[in-house]
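*Asks:* Would you mind keeping the following structure in view while I ask a few things?
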Amino acid sequence: MSGPLKFLVVDPLAGVQAFARQLLQGHGFAADHILCCADPDTALAQGLVFKPQLLITDWFARRALDGIRLHQRLREAQPSLQLALLSFEVTPDHRREAEAHGARFLLQKPFAAEQLRAELGRTLEALACKPKPAASAWAARPGRPLPPPLLVVKPGDRVRFNGDLHVAQHVVHRNGGTVVQLAGLTRFVPVDKLQPA
């Protein structure tokens, strides 16, 4: 693929959007080449103008405009658009449908951070679109470190906070980011303050 690559990430969870954005920026792609949306209708309207080369989307199984149909509609404006899917429900039928539409991957939610990192890495390698580090938006700003990827936490996961071991009780995704209520604590803790156990 020639020219700067553009990515459209569509997921109702702000944490998933933020993590996918961080992973792509970690591969050297500029922030203005990554568009994140929370729903397929917004993604369609913006994507027809943005014209991404890779769509990473939730399946949105209960929506009239699901992830597969969103991909089909966007391909009318961008015929070479590649597809990657995320879904809470992954059945053999889902896998067959994803494969029939040429999806690069179908990842079941909730997933570990490493799973998305690995699938995205394989996809970028397959597309042979990984830019040289010198072309990185981050490399152009010396002294600015790459932010660490956010931990993906689900209820029941064991995490470390302030050096102590805790169990995640509730996970809340909101516009300001993802926060986690730990068992035994009344306040919510930002996910970037937690470490894997």
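Ordered as shown in the structure tokens, chains take letters A, B, and onward, while each chain numbers its residues from 1 and ligands are numbered from 1 in the order shown.
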Mind checking which residues fall within 10 Å of Phe88 in chain A, counting only C-alpha atoms, ignoring those fewer than 4 positions away in the same chain, and posting them as a ChimeraX atom specification?

*Replies:* /A:58-61,107-111

*Asks:* Deliver the residues from the most recent selection as a file, using N, CA and C atoms, as a tab-separated table (two decimals), in the first residue's frame.

*Replies:*
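Dumped everything to result_28.tsv:
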chain	number	residue	atom	x	y	z
A	58	ASP	N	-15.88	-3.08	16.23
A	58	ASP	CA	-16.72	-4.02	16.96
A	58	ASP	C	-17.72	-4.60	15.95
A	59	TRP	N	-18.20	-5.80	16.21
A	59	TRP	CA	-19.15	-6.43	15.30
A	59	TRP	C	-20.48	-5.67	15.29
A	60	PHE	N	-20.87	-5.06	16.42
A	60	PHE	CA	-22.15	-4.35	16.56
A	60	PHE	C	-23.31	-5.25	16.09
A	61	ALA	N	-23.38	-6.46	16.63
A	61	ALA	CA	-24.33	-7.48	16.17
A	61	ALA	C	-25.79	-7.04	16.26
A	107	LEU	N	-11.29	-10.96	16.92
A	107	LEU	CA	-10.79	-11.11	18.29
A	107	LEU	C	-11.96	-11.05	19.26
A	108	GLN	N	-12.05	-12.06	20.13
A	108	GLN	CA	-13.14	-12.10	21.09
A	108	GLN	C	-12.88	-11.22	22.29
A	109	LYS	N	-13.90	-10.43	22.66
A	109	LYS	CA	-13.84	-9.59	23.86
A	109	LYS	C	-14.35	-10.39	25.06
A	110	PRO	N	-13.90	-10.09	26.26
A	110	PRO	CA	-12.79	-9.20	26.55
A	110	PRO	C	-11.48	-9.88	26.20
A	111	PHE	N	-10.52	-9.11	25.71
A	111	PHE	CA	-9.24	-9.69	25.32
A	111	PHE	C	-8.12	-9.05	26.14

*Asks:* Apply DSSP to the backbone of this structure and, from range 16-179 of chain A, keep only the residues in helix (DSSP H, G or I); write these as an MDAnalysis selection string.

*Replies:* chainID A and resid 16:26 31:33 40:50 67:75 92:100 113:127 133:135

*Asks:* If we count only C-alpha atoms, what is near Leu83 in chain A at a cut-off of 8 Å, once residues fewer than 6 positions away on the same chain are taken out, given as a count of residues only?

*Replies:* 10

*Asks:* What's the separation between CA of Val189 in chain A and CA of Arg158 in chain A, in Å to one decimal place?

*Replies:* 13.9 Å

*Asks:* List the neighbours of Gln169 in chain A out to 10 Å using only C-alpha atoms; skip same-chain residues closer than 2 positions along the sequence, and give me the result as a PyMOL selection string.

*Replies:* chain A and resi 153-158+166-167+171+180-185

*Asks:* Write a file of the just-selected residues containing C-alpha atoms, as a short mmCIF file (atom, residue, chain, number, x, y, z; two decimals), in the first residue's frame.

*Replies:*
data_model
loop_
_atom_site.label_atom_id
_atom_site.label_comp_id
_atom_site.auth_asym_id
_atom_site.auth_seq_id
_atom_site.Cartn_x
_atom_site.Cartn_y
_atom_site.Cartn_z
CA VAL A 153 -8.93 -5.00 32.75
CA LYS A 154 -12.15 -6.95 33.23
CA PRO A 155 -14.05 -7.78 36.46
CA GLY A 156 -12.32 -10.57 38.36
CA ASP A 157 -8.83 -9.77 37.03
CA ARG A 158 -5.99 -9.56 39.55
CA HIS A 166 -6.19 -6.41 44.29
CA VAL A 167 -9.13 -7.88 42.37
CA VAL A 171 -14.74 -1.55 35.19
CA VAL A 180 -11.67 0.43 37.91
CA GLN A 181 -13.21 -0.22 41.33
CA LEU A 182 -11.05 -2.64 43.26
CA ALA A 183 -12.52 -5.06 45.80
CA GLY A 184 -12.34 -3.47 49.25
CA LEU A 185 -11.87 0.09 47.97
#
